[in-house]
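Enquirer: So here's protein_28.csv, just CSV, C-alpha atoms:
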```csv
chain,number,residue,atom,x,y,z
A,1,THR,CA,-14.0,255.0,92.0
A,2,ALA,CA,-10.7,254.0,93.6
A,3,THR,CA,-10.3,251.1,95.9
A,4,VAL,CA,-8.9,251.6,99.4
A,5,PRO,CA,-6.4,249.5,101.4
A,6,SER,CA,-8.5,246.4,102.2
A,7,PHE,CA,-6.7,245.6,105.5
A,8,SER,CA,-8.0,248.6,107.4
A,9,TYR,CA,-11.5,248.1,106.0
A,10,ARG,CA,-11.5,244.4,106.8
A,11,SER,CA,-10.1,245.1,110.3
A,12,GLY,CA,-12.7,247.8,111.1
A,13,THR,CA,-15.6,245.6,109.7
A,14,ALA,CA,-14.4,242.6,111.8
A,15,LYS,CA,-14.5,244.8,114.9
A,16,LEU,CA,-18.0,245.9,114.1
A,17,MET,CA,-19.0,242.3,113.5
A,18,TYR,CA,-17.7,241.3,116.9
A,19,MET,CA,-19.7,244.1,118.6
A,20,MET,CA,-22.8,243.2,116.5
A,21,GLN,CA,-22.7,239.6,117.4
A,22,TRP,CA,-22.3,240.0,121.2
A,23,SER,CA,-23.8,243.3,122.2
A,24,ARG,CA,-25.0,245.6,119.4
A,25,PRO,CA,-27.8,244.0,117.3
A,26,ASP,CA,-28.8,247.6,116.3
A,27,ILE,CA,-25.9,247.7,113.8
A,28,TYR,CA,-26.7,244.3,112.3
A,29,ASN,CA,-28.0,245.4,108.9
A,30,ALA,CA,-25.3,248.1,108.4
A,31,VAL,CA,-22.5,245.6,109.2
A,32,ARG,CA,-24.2,243.0,106.9
A,33,GLY,CA,-24.0,245.6,104.1
A,34,LEU,CA,-20.4,246.5,104.9
A,35,ALA,CA,-19.3,242.8,104.9
A,36,ARG,CA,-20.4,242.4,101.2
A,37,HIS,CA,-17.5,244.6,100.1
A,38,MET,CA,-14.6,243.0,101.9
A,39,ALA,CA,-12.8,241.9,98.7
A,40,MET,CA,-12.6,245.3,97.0
A,41,PRO,CA,-13.8,248.1,99.2
A,42,GLN,CA,-14.1,251.5,97.7
A,43,GLU,CA,-13.8,254.9,99.3
A,44,ARG,CA,-17.6,255.1,99.9
A,45,HIS,CA,-17.5,251.8,101.7
A,46,LEU,CA,-14.7,253.0,104.0
A,47,LYS,CA,-16.7,256.1,104.8
A,48,ALA,CA,-19.8,254.1,105.6
A,49,MET,CA,-17.7,251.8,107.9
A,50,GLN,CA,-16.3,254.9,109.7
A,51,GLY,CA,-19.8,256.3,110.0
A,52,CYS,CA,-20.9,253.1,111.7
A,53,MET,CA,-17.9,253.3,114.1
A,54,ARG,CA,-18.9,256.9,114.9
A,55,TYR,CA,-22.4,255.7,115.6
A,56,VAL,CA,-21.2,253.0,118.0
A,57,LEU,CA,-19.0,255.4,119.8
A,58,ALA,CA,-21.8,258.0,120.1
A,59,THR,CA,-24.2,255.4,121.5
A,60,ARG,CA,-21.8,253.3,123.6
A,61,ASN,CA,-24.1,253.6,126.7
A,62,ARG,CA,-26.9,251.8,124.8
A,63,GLY,CA,-27.2,248.0,124.8
A,64,LEU,CA,-29.6,245.1,125.3
A,65,LEU,CA,-31.6,245.0,128.4
A,66,ILE,CA,-32.1,241.3,129.1
A,67,ARG,CA,-34.6,241.0,131.9
A,68,PRO,CA,-36.8,237.9,131.8
A,69,GLU,CA,-40.4,238.0,133.1
A,70,GLY,CA,-40.6,236.0,136.2
A,71,THR,CA,-38.2,233.4,137.5
A,72,TRP,CA,-38.1,229.6,137.2
A,73,ASN,CA,-38.5,228.0,140.6
A,74,GLY,CA,-37.3,224.6,139.5
A,75,ARG,CA,-40.7,222.9,139.7
A,76,GLU,CA,-42.4,221.0,136.9
A,77,GLY,CA,-45.3,222.8,135.4
A,78,TYR,CA,-43.6,226.1,134.9
A,79,LYS,CA,-44.9,227.7,131.7
A,80,PHE,CA,-42.2,229.3,129.5
A,81,ARG,CA,-43.6,232.1,127.3
A,82,ILE,CA,-42.2,232.3,123.7
A,83,HIS,CA,-43.1,235.1,121.4
A,84,GLY,CA,-41.6,236.8,118.4
A,85,ARG,CA,-41.5,239.9,116.3
A,86,SER,CA,-40.8,240.2,112.6
A,87,ASP,CA,-40.5,242.8,109.9
A,88,SER,CA,-39.4,243.0,106.3
A,89,ASP,CA,-38.0,245.6,103.9
A,90,TYR,CA,-39.9,245.0,100.6
A,91,ALA,CA,-37.6,244.8,97.5
A,92,ALA,CA,-34.7,246.4,99.4
A,93,ASN,CA,-32.0,245.2,97.0
A,94,ILE,CA,-32.4,247.2,93.8
A,95,GLN,CA,-30.4,244.8,91.6
A,96,ASP,CA,-32.4,241.6,92.3
A,97,ARG,CA,-35.5,243.0,94.0
A,98,ARG,CA,-35.2,240.6,96.9
A,99,SER,CA,-36.6,241.7,100.3
A,100,ILE,CA,-34.8,241.6,103.7
A,101,SER,CA,-36.5,239.8,106.6
A,102,GLY,CA,-35.7,240.4,110.2
A,103,GLY,CA,-37.0,239.1,113.5
A,104,ARG,CA,-36.5,238.4,117.1
A,105,THR,CA,-37.6,235.5,119.3
A,106,PHE,CA,-38.1,236.0,123.0
A,107,LEU,CA,-38.2,233.5,125.8
A,108,ASN,CA,-39.9,234.8,129.0
A,109,GLY,CA,-39.3,238.4,127.7
A,110,ALA,CA,-35.6,237.9,127.1
A,111,PRO,CA,-34.3,238.0,123.5
A,112,VAL,CA,-32.8,234.6,122.6
A,113,VAL,CA,-32.7,234.8,118.7
A,114,PHE,CA,-32.0,237.8,116.5
A,115,ARG,CA,-31.9,237.3,112.8
A,116,SER,CA,-31.8,239.3,109.6
A,117,ALA,CA,-31.5,237.8,106.1
A,118,THR,CA,-32.1,238.4,102.5
A,119,GLN,CA,-35.0,236.4,101.3
A,120,ARG,CA,-34.1,233.6,98.9
A,121,PHE,CA,-36.9,234.4,96.5
A,122,VAL,CA,-38.5,237.5,95.0
A,123,THR,CA,-41.8,238.5,96.7
A,124,LEU,CA,-44.5,240.2,94.6
A,125,SER,CA,-46.0,242.3,97.4
A,126,VAL,CA,-45.3,243.8,100.8
A,127,THR,CA,-47.8,241.3,102.3
A,128,GLU,CA,-45.9,238.4,100.8
A,129,ALA,CA,-42.6,239.8,102.1
A,130,GLU,CA,-44.0,240.3,105.6
A,131,THR,CA,-45.5,236.8,105.6
A,132,ALA,CA,-42.1,235.3,104.7
A,133,ALA,CA,-40.5,237.3,107.6
A,134,GLY,CA,-43.2,235.9,109.9
A,135,VAL,CA,-42.6,232.4,108.8
A,136,MET,CA,-38.8,232.9,109.5
A,137,VAL,CA,-39.6,233.9,113.1
A,138,ALA,CA,-42.1,231.1,113.5
A,139,GLN,CA,-39.4,228.6,112.5
A,140,ASP,CA,-37.1,230.2,115.1
A,141,MET,CA,-39.8,229.9,117.8
A,142,MET,CA,-40.3,226.2,116.9
A,143,TYR,CA,-36.5,225.7,117.3
A,144,VAL,CA,-36.5,227.4,120.7
A,145,TYR,CA,-39.5,225.4,121.9
```
Mind turning this structure into structure tokens?

Expert:
Amino acid sequence: TATVPSFSYRSGTAKLMYMMQWSRPDIYNAVRGLARHMAMPQERHLKAMQGCMRYVLATRNRGLLIRPEGTWNGREGYKFRIHGRSDSDYAANIQDRRSISGGRTFLNGAPVVFRSATQRFVTLSVTEAETAAGVMVAQDMMYVY
């Protein structure tokens, strides 16, 4: 397969990264995959990047709704509520069989941390991969607390 001009690929992927970071976490995993091929993009990578751009344009009215539950009145004794959600994609990478963990941490109902990462180790079951994802979110929750 032939490589494509890397400038246009890098430029498009950088624009997607900017959107992903500030307002579009729904494209996080796709952009993460695109960023792995910055050095020598091929035609299929360019087509995937263009498909992601088309998705963003088609869904431009979607975004994060950040609406906290309740308001802080400035007094002591206010109880902040922290909770998280996690998920994993067991053995998602065919080459090394590592899973992908993802999760969000909320503070009073508003998302404050969003993270997706390839696990550093090979898990032997779906349960183990899900547990690793849960631990990642628990660490984020401890950091926010």

Enquirer: Calculated over all atoms listed in the file, which of the candidates A:Asn93, A:Ser116, A:Asn108, A:Ser86 has the smallest distance to Ala138 in chain A?

Expert: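 Looking at the shortest contact to Ala138 in chain A, the residue is A:Ser86.
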
Enquirer: Quote the spacing between CA of Val122 in chain A and CA of Arg97 in chain A in Å to one decimal place.

Expert: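 Distance reported for this atom pair: 6.3 Å.
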
Enquirer: Choose the residue, out of A:Arg75, A:His83, A:Arg10, A:Arg60, that has the smallest atom-to-atom separation from Met38 in chain A; count all atoms listed in the file.

Expert: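 Closest candidate: A:Arg10.
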
Enquirer: Go ahead and compute the interatomic distance for CA of Thr123 in chain A and CA of Leu34 in chain A, in Å to one decimal.

Expert: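 Computing it gives 24.3 Å between the two atoms.
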
Enquirer: Which residue gives the smallest distance to Val31 in chain A among A:Cys52, A:Val112, A:Met141, A:Ile100, with only C-alpha atoms counted?

Expert: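 When distances to Val31 in chain A are compared using only C-alpha atoms, the smallest one comes from A:Cys52.
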
Enquirer: Of the candidates A:Arg44, A:Arg120, A:Arg98, A:Arg54, which shows the shortest atom-to-atom distance to Leu16 in chain A, using all atoms listed in the file?

Expert: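 Answer, going by the shortest atom-to-atom distance: A:Arg54.
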
Enquirer: Counting all atoms listed in the file, figure out which residue out of A:Phe114, A:Ala35, A:Tyr28, A:Leu57 gets nearest to Ala14 in chain A.

Expert: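 So, comparing all the options, the nearest one is A:Ala35.
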
Enquirer: Between CA of Lys15 in chain A and CA of Thr3 in chain A, what is the spacing in Å?

Expert: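 Pair CA of Thr3 in chain A / CA of Lys15 in chain A returns 20.5 Å.
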